[in-house]
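Student: Contents of data_38.txt (compact mmCIF, C-alpha atoms) are below:
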```txt
# COMPACT_ATOMS: atom_id res chain seq x y z
CA MET A 283 -235.55 -126.23 20.04
CA SER A 284 -237.97 -126.82 22.90
CA GLY A 285 -241.60 -125.82 22.45
CA PHE A 286 -244.78 -124.81 24.29
CA GLY A 287 -243.00 -122.97 27.08
CA LYS A 288 -240.47 -125.74 27.74
CA ASP A 289 -236.86 -125.57 28.86
CA SER A 290 -233.94 -127.22 27.05
CA THR A 291 -234.88 -130.64 28.48
CA GLY A 292 -238.55 -130.45 27.51
CA GLN A 293 -239.82 -129.61 31.01
CA ASP A 294 -242.05 -126.63 31.83
CA ILE A 295 -240.18 -123.37 32.35
CA VAL A 296 -240.56 -122.52 36.04
CA SER A 297 -237.63 -120.12 36.46
CA PHE A 298 -236.60 -117.25 34.18
CA VAL A 299 -233.73 -114.73 34.30
CA ALA A 300 -233.61 -111.73 31.96
CA LEU A 301 -230.28 -110.02 31.16
CA GLY A 302 -229.60 -106.79 29.32
CA ASP A 303 -230.02 -103.03 29.27
CA SER A 304 -232.96 -100.60 29.13
CA PHE A 305 -234.76 -102.70 26.51
CA THR A 306 -235.03 -105.59 28.96
CA GLU A 307 -235.43 -103.43 32.06
CA GLY A 308 -238.58 -102.14 30.36
CA LEU A 309 -238.01 -98.40 30.09
CA SER A 310 -241.02 -96.33 29.02
CA ASP A 311 -243.48 -99.05 30.05
CA PRO A 312 -244.50 -98.05 33.59
CA TYR A 313 -246.62 -100.38 35.66
CA PRO A 314 -250.19 -99.24 36.20
CA ASN A 315 -250.98 -98.15 39.72
CA SER A 316 -250.84 -101.37 41.68
CA ASP A 317 -250.03 -102.56 45.18
CA SER A 318 -248.34 -105.65 43.74
CA VAL A 319 -245.25 -103.83 42.38
CA PRO A 320 -243.03 -101.00 43.71
CA THR A 321 -244.09 -97.51 42.66
CA GLY A 322 -242.20 -96.21 39.64
CA ARG A 323 -240.86 -99.58 38.47
CA TYR A 324 -240.96 -100.32 34.79
CA ARG A 325 -242.73 -103.37 33.41
CA GLY A 326 -241.46 -104.07 29.87
CA TRP A 327 -241.61 -107.09 27.61
CA ALA A 328 -239.62 -109.34 29.98
CA ASP A 329 -242.02 -108.83 32.91
CA ARG A 330 -244.89 -109.39 30.49
CA VAL A 331 -243.35 -112.64 29.23
CA ALA A 332 -242.91 -113.74 32.83
CA GLU A 333 -246.61 -113.03 33.41
CA HIS A 334 -247.59 -115.18 30.42
CA LEU A 335 -245.35 -117.98 31.65
CA ALA A 336 -246.81 -117.75 35.14
CA GLU A 337 -250.32 -118.07 33.71
CA HIS A 338 -249.16 -121.21 31.88
CA VAL A 339 -247.22 -123.02 34.65
CA GLY A 340 -248.95 -121.71 37.77
CA GLU A 341 -245.95 -120.33 39.68
CA LEU A 342 -242.87 -118.86 38.06
CA ARG A 343 -239.70 -117.69 39.78
CA TYR A 344 -238.36 -114.67 37.94
CA ALA A 345 -235.32 -112.37 38.12
CA ASN A 346 -234.57 -109.38 35.92
CA LEU A 347 -230.94 -108.25 36.15
CA ALA A 348 -231.10 -105.71 33.31
CA VAL A 349 -230.00 -102.12 33.93
CA ARG A 350 -230.43 -99.22 31.55
CA GLY A 351 -227.33 -97.97 29.75
CA ARG A 352 -225.25 -101.09 30.36
CA LEU A 353 -222.56 -101.94 27.81
CA ILE A 354 -221.95 -105.54 26.86
CA GLY A 355 -218.79 -105.79 28.95
CA GLN A 356 -220.73 -104.68 32.01
CA ILE A 357 -223.48 -107.19 31.31
CA VAL A 358 -220.91 -109.98 31.01
CA ASP A 359 -219.11 -108.93 34.20
CA GLU A 360 -222.13 -108.07 36.37
CA GLN A 361 -225.13 -110.04 35.12
CA VAL A 362 -223.88 -113.26 33.53
CA PRO A 363 -222.19 -114.62 36.69
CA ARG A 364 -225.32 -113.89 38.71
CA ALA A 365 -227.50 -115.64 36.12
CA ILE A 366 -225.23 -118.70 36.23
CA GLU A 367 -225.48 -118.70 40.02
CA LEU A 368 -229.29 -118.61 39.83
CA ALA A 369 -229.35 -121.57 37.38
CA PRO A 370 -232.73 -120.84 35.74
CA ASP A 371 -234.61 -122.87 33.13
CA LEU A 372 -234.76 -119.89 30.76
CA VAL A 373 -232.36 -117.00 30.08
CA THR A 374 -233.01 -114.10 27.73
CA LEU A 375 -230.00 -112.08 26.61
CA CYS A 376 -230.15 -108.83 24.70
CA ALA A 377 -226.81 -106.98 24.80
CA GLY A 378 -224.50 -104.92 22.65
CA GLY A 379 -226.96 -102.32 21.43
CA ASN A 380 -225.48 -99.51 23.50
CA ASP A 381 -222.01 -100.46 22.25
CA ILE A 382 -223.11 -100.45 18.60
CA LEU A 383 -224.63 -96.98 18.98
CA ARG A 384 -221.32 -95.51 20.15
CA PRO A 385 -219.15 -93.76 17.54
CA GLY A 386 -216.25 -95.90 16.37
CA SER A 387 -217.60 -99.14 17.83
CA ASP A 388 -216.75 -102.41 16.09
CA PRO A 389 -219.63 -104.91 15.74
CA ASP A 390 -217.14 -107.73 15.16
CA ALA A 391 -215.47 -107.06 18.52
CA VAL A 392 -218.81 -106.69 20.32
CA ALA A 393 -219.92 -110.04 18.88
CA VAL A 394 -216.85 -111.78 20.33
CA VAL A 395 -217.89 -110.65 23.81
CA PHE A 396 -221.50 -111.68 23.17
CA ALA A 397 -220.38 -115.16 22.12
CA ARG A 398 -218.41 -115.55 25.34
CA ALA A 399 -221.49 -114.67 27.36
CA VAL A 400 -223.63 -117.21 25.51
CA GLU A 401 -220.99 -119.90 25.93
CA GLU A 402 -220.85 -119.29 29.69
CA LEU A 403 -224.63 -119.24 30.04
CA GLY A 404 -224.92 -122.39 27.95
CA ARG A 405 -223.04 -124.39 30.56
CA THR A 406 -226.06 -124.04 32.87
CA GLY A 407 -228.23 -126.06 30.51
CA ALA A 408 -230.78 -123.23 30.38
CA ARG A 409 -232.80 -122.50 27.28
CA ILE A 410 -231.32 -119.28 25.89
CA VAL A 411 -233.16 -116.67 23.83
CA VAL A 412 -231.24 -113.90 22.06
CA PHE A 413 -232.45 -110.86 20.12
CA THR A 414 -231.33 -109.19 16.92
CA GLY A 415 -231.08 -105.42 16.81
CA PHE A 416 -233.86 -103.16 15.56
CA ASP A 417 -233.95 -101.92 11.98
CA THR A 418 -233.48 -98.17 12.40
CA ASN A 419 -234.56 -97.28 8.86
CA TRP A 420 -237.73 -95.59 10.16
CA GLN A 421 -235.70 -93.18 12.32
CA PRO A 422 -233.70 -90.66 10.19
CA VAL A 423 -231.19 -89.84 12.95
CA MET A 424 -230.41 -93.54 13.53
CA ARG A 425 -230.59 -94.63 9.88
CA PRO A 426 -226.81 -94.33 9.28
CA LEU A 427 -226.29 -97.08 11.89
CA ARG A 428 -228.19 -99.71 9.89
CA GLY A 429 -225.04 -101.22 8.40
CA LYS A 430 -223.38 -101.75 11.79
CA ILE A 431 -226.56 -103.18 13.27
CA ALA A 432 -227.02 -105.54 10.31
CA THR A 433 -223.43 -106.76 10.66
CA TYR A 434 -223.95 -107.39 14.37
CA ASN A 435 -227.20 -109.20 13.63
CA MET A 436 -225.42 -111.63 11.30
CA HIS A 437 -222.95 -112.39 14.09
CA LEU A 438 -225.81 -112.93 16.55
CA ARG A 439 -227.50 -115.42 14.25
CA ALA A 440 -224.26 -117.32 13.77
CA ILE A 441 -223.71 -117.42 17.55
CA ALA A 442 -227.28 -118.63 18.09
CA ASP A 443 -226.74 -121.41 15.56
CA ARG A 444 -223.45 -122.39 17.18
CA TYR A 445 -224.87 -122.67 20.70
CA GLY A 446 -228.44 -123.73 19.94
CA CYS A 447 -230.19 -120.53 21.04
CA ASP A 448 -233.64 -119.33 20.07
CA VAL A 449 -233.67 -116.04 18.14
CA VAL A 450 -236.22 -113.24 18.33
CA ASP A 451 -235.73 -111.53 14.98
CA VAL A 452 -236.55 -107.98 15.99
CA TRP A 453 -235.14 -106.58 12.72
CA SER A 454 -237.95 -108.20 10.73
CA MET A 455 -240.75 -106.87 12.97
CA ARG A 456 -242.05 -104.28 10.52
CA ILE A 457 -244.98 -103.59 12.86
CA LEU A 458 -242.48 -101.65 14.99
CA ASP A 459 -241.86 -99.15 12.20
CA ASP A 460 -244.96 -97.32 13.41
CA PRO A 461 -244.16 -94.37 15.74
CA ARG A 462 -246.83 -95.65 18.14
CA ALA A 463 -244.55 -98.57 18.96
CA TRP A 464 -242.09 -96.09 20.48
CA SER A 465 -242.09 -93.80 23.46
CA GLU A 466 -241.68 -90.06 23.31
CA ASP A 467 -237.88 -90.40 23.38
CA ARG A 468 -237.93 -92.55 20.19
CA LEU A 469 -235.23 -94.74 21.75
CA HIS A 470 -237.37 -97.08 23.86
CA LEU A 471 -240.51 -99.01 23.10
CA SER A 472 -243.86 -97.67 24.24
CA SER A 473 -246.10 -99.76 26.47
CA GLU A 474 -247.83 -101.10 23.35
CA GLY A 475 -244.46 -101.80 21.76
CA HIS A 476 -243.38 -103.78 24.83
CA ARG A 477 -246.69 -105.66 24.83
CA ARG A 478 -246.20 -106.70 21.21
CA MET A 479 -242.58 -107.66 21.87
CA ALA A 480 -243.71 -109.91 24.72
CA LEU A 481 -246.19 -111.62 22.41
CA ARG A 482 -243.42 -112.19 19.86
CA VAL A 483 -241.13 -113.72 22.51
CA CYS A 484 -243.97 -115.97 23.65
CA GLU A 485 -244.41 -117.09 20.05
CA VAL A 486 -240.73 -118.07 19.91
CA LEU A 487 -241.03 -119.90 23.23
CA GLY A 488 -244.25 -121.62 22.20
CA VAL A 489 -246.26 -120.09 25.05
CA PRO A 490 -249.97 -119.75 24.16
CA VAL A 491 -251.25 -116.16 24.02
CA GLU A 492 -254.57 -114.69 22.99
CA ASP A 493 -253.39 -111.87 20.74
CA ASP A 494 -251.20 -111.39 17.65
CA TRP A 495 -248.05 -109.28 17.96
CA ASN A 496 -248.35 -108.49 14.24
CA ARG A 497 -251.90 -107.15 14.39
CA GLN A 498 -252.15 -104.07 12.19
CA TRP A 499 -252.34 -100.68 13.87
CA PRO A 500 -255.60 -98.72 13.63
CA PRO A 501 -255.52 -95.74 11.25
CA ALA A 502 -253.26 -93.00 12.60
CA GLU A 503 -254.36 -89.43 13.18
CA GLN A 504 -253.22 -87.11 10.44
CA ARG A 505 -250.69 -84.43 11.44
CA ASP A 506 -249.74 -81.36 9.44
CA TRP A 507 -246.09 -80.67 8.73
CA ARG A 508 -245.88 -77.87 11.31
CA MET A 509 -246.94 -80.17 14.13
CA ALA A 510 -244.50 -82.83 12.94
CA ARG A 511 -241.61 -80.35 12.87
CA GLN A 512 -242.50 -79.03 16.33
CA GLU A 513 -242.46 -82.58 17.67
CA ASP A 514 -239.08 -83.19 16.01
CA LEU A 515 -237.62 -80.05 17.60
CA HIS A 516 -239.01 -80.99 21.01
CA TRP A 517 -237.56 -84.48 20.70
CA ALA A 518 -234.12 -83.16 19.68
CA ARG A 519 -234.02 -80.70 22.58
CA GLU A 520 -235.42 -82.96 25.29
CA PHE A 521 -233.95 -86.34 24.33
CA LEU A 522 -231.39 -86.34 21.51
CA VAL A 523 -229.10 -83.61 22.85
CA PRO A 524 -228.92 -85.09 26.39
CA TRP A 525 -228.34 -88.57 24.93
CA ILE A 526 -225.44 -87.29 22.81
CA GLY A 527 -224.09 -85.42 25.83
CA ARG A 528 -223.96 -88.60 27.89
CA ARG A 529 -222.14 -90.41 25.11
CA LEU A 530 -219.53 -87.66 24.80
CA THR A 531 -218.88 -87.49 28.54
CA GLY A 532 -218.93 -91.24 29.21
CA ARG A 533 -221.97 -91.00 31.47
CA SER A 534 -224.87 -93.43 31.43
CA SER A 535 -228.56 -93.23 32.27
CA GLY A 536 -227.90 -96.31 34.40
CA ASP A 537 -225.36 -94.68 36.69
CA ASP A 538 -226.51 -95.28 40.28
CA VAL A 539 -229.34 -97.59 39.08
CA SER A 540 -229.59 -101.18 40.30
CA CYS A 541 -231.54 -104.06 38.78
CA LYS A 542 -235.18 -104.38 39.75
CA ARG A 543 -235.34 -108.16 40.50
CA PRO A 544 -231.91 -109.44 41.62
CA SER A 545 -233.13 -112.84 42.85
CA LEU A 546 -235.41 -115.58 41.60
CA GLU A 547 -238.68 -114.82 43.37
CA PRO A 548 -242.23 -116.00 42.73
CA LEU A 549 -243.92 -113.59 40.33
CA ARG A 550 -246.95 -111.74 41.62
CA LEU A 551 -249.20 -110.94 38.70
CA PRO A 552 -250.14 -107.25 38.52
CA ARG A 553 -253.75 -106.18 38.66
CA ASP A 554 -254.20 -103.87 35.67
```
In structure tokens, write the structure found in this file.
Tutor:
Amino acid sequence: MSGFGKDSTGQDIVSFVALGDSFTEGLSDPYPNSDSVPTGRYRGWADRVAEHLAEHVGELRYANLAVRGRLIGQIVDEQVPRAIELAPDLVTLCAGGNDILRPGSDPDAVAVVFARAVEELGRTGARIVVFTGFDTNWQPVMRPLRGKIATYNMHLRAIADRYGCDVVDVWSMRILDDPRAWSEDRLHLSSEGHRRMALRVCEVLGVPVEDDWNRQWPPAEQRDWRMARQEDLHWAREFLVPWIGRRLTGRSSGDDVSCKRPSLEPLRLPRD
């Protein structure tokens, strides 16, 4: 694999395209108030990685085609051709999670589609980074899905080996078992979770950073069981029930949402 922020040929990465769903779009990580980004746009680990790359190479052209709620078939049909057209040095691909979460989904079948996407992207010569799924053992409602996610992860590793991709092993990131790594909806990373994910991706890419993604959390505030149960009930009412409702009706949080950076454009670093 290439190192120190290099592409597949050993040159500096100067163009980067991110593909995927809400994880890559950056949900629950809003930009701070800034005149350098549109109001209300999410930041997320991919934007943060792009910022680290820009600090390393000077100017980076960056596109983020990810849209919340997208299934893998939609990512292959809508995002992969656009990424091939843009011909970047670096592509990140995280896809299939929304499919795996659906009742009756088959991780073997999802992996076949994922492999096709990687094969098509590989023809560009770009350095490709893929992601395993999260370990949901910390989340009781999602815990029954661990077996399907683990099966999909094994496929992803095999695909990465076959096509020479880098792998961000999200499953092994035990630091994300802490609730503070997650937003209020418990489905998307918090701003701190996204920050740590960006540091982990930079580690895989070999991009120098000044912090450690695996730094231990400070001691957590103690909560009594009543407060914990109230938070669980609030979460179920505000987030879980609507999420289940969308799954049952075939709706998506990404309906009528377009990607935030459809073209390779020079990245303007935000002023925090």
Student: If we draw a sphere of 8 Å around (-236.0, -113.3, 44.5), which residues have at least one atom in it when counting all atoms listed in the file? Please report them as a PyMOL selection string.
Tutor: chain A and resi 343-345+543-548
Student: So, counting only C-alpha atoms, which residue among A:Leu427, A:Phe416, A:Arg350, A:Arg439 is closest to A:Trp453?
Tutor: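 Nearest candidate to A:Trp453 out of A:Leu427, A:Phe416, A:Arg350, A:Arg439: A:Phe416.
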Student: Point out the residue among A:Ile295, A:Ala348, A:Asp494, A:Leu471 with the least atom-to-atom distance to A:Glu360, counting only C-alpha atoms.
Tutor: A:Ala348
Student: Counting all atoms listed in the file, figure out which residue out of A:Ser454, A:Ser465, A:Met424, A:Pro501 gets nearest to A:Pro385.
Tutor: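 With all atoms listed in the file as the atom set, the closest residue is A:Met424.
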Student: Determine the nearest neighbour of A:Glu466 from the options A:Leu301, A:Val539, A:Leu309, A:Leu481, counting only C-alpha atoms.
Tutor: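 Checking each candidate against A:Glu466, we get A:Leu309 as the closest.
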Student: Within 12 Å of A:Pro500, counting only C-alpha atoms, which residues show up once you throw out same-chain ones fewer than 2 positions away? Write them as a list in words, please.
Tutor: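 Listed by chain and then number, they are Ile457, Asp460, Arg462, Arg497, Gln498, Ala502 and Glu503 of chain A.
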Student: Could you check the closest approach to A:Ser473 for each of A:Ser310, A:Pro426, A:Ala442, A:Ser540 and tell me which residue wins, using all atoms listed in the file?
Tutor: A:Ser310
Student: Using only C-alpha atoms, which of A:Cys376, A:Met455, A:Val392, A:Leu347 sits nearest A:Arg364?
Tutor: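 The closest residue to A:Arg364 is A:Leu347.
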Student: As an exercise, work out the distance from atom CA of A:Thr414 to atom CA of A:Tyr434 in Å and give it to one decimal place.
Tutor: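 One can read the atom CA of A:Thr414 to atom CA of A:Tyr434 distance as 8.0 Å.
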Student: Would you kindly return, as an NGL selection string, each protein, DNA or RNA residue with an atom no farther than 12 Å from any atom of A:Ala397, considering only C-alpha atoms and excluding same-chain residues fewer than 2 positions away?
Tutor: :A and (354-355 or 358 or 375-378 or 390-395 or 399-404 or 412 or 434 or 437-447)
Student: In Å, with one decimal, what is the gap from atom CA of A:Gly351 to atom CA of A:Ser304?
Tutor: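 Separation between atom CA of A:Gly351 and atom CA of A:Ser304: 6.2 Å.
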Student: How many Å lie between atom CA of A:Leu353 and atom CA of A:Val331, rounded to one decimal?
Tutor: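 So the two atoms, atom CA of A:Leu353 and atom CA of A:Val331, lie 23.4 Å apart.
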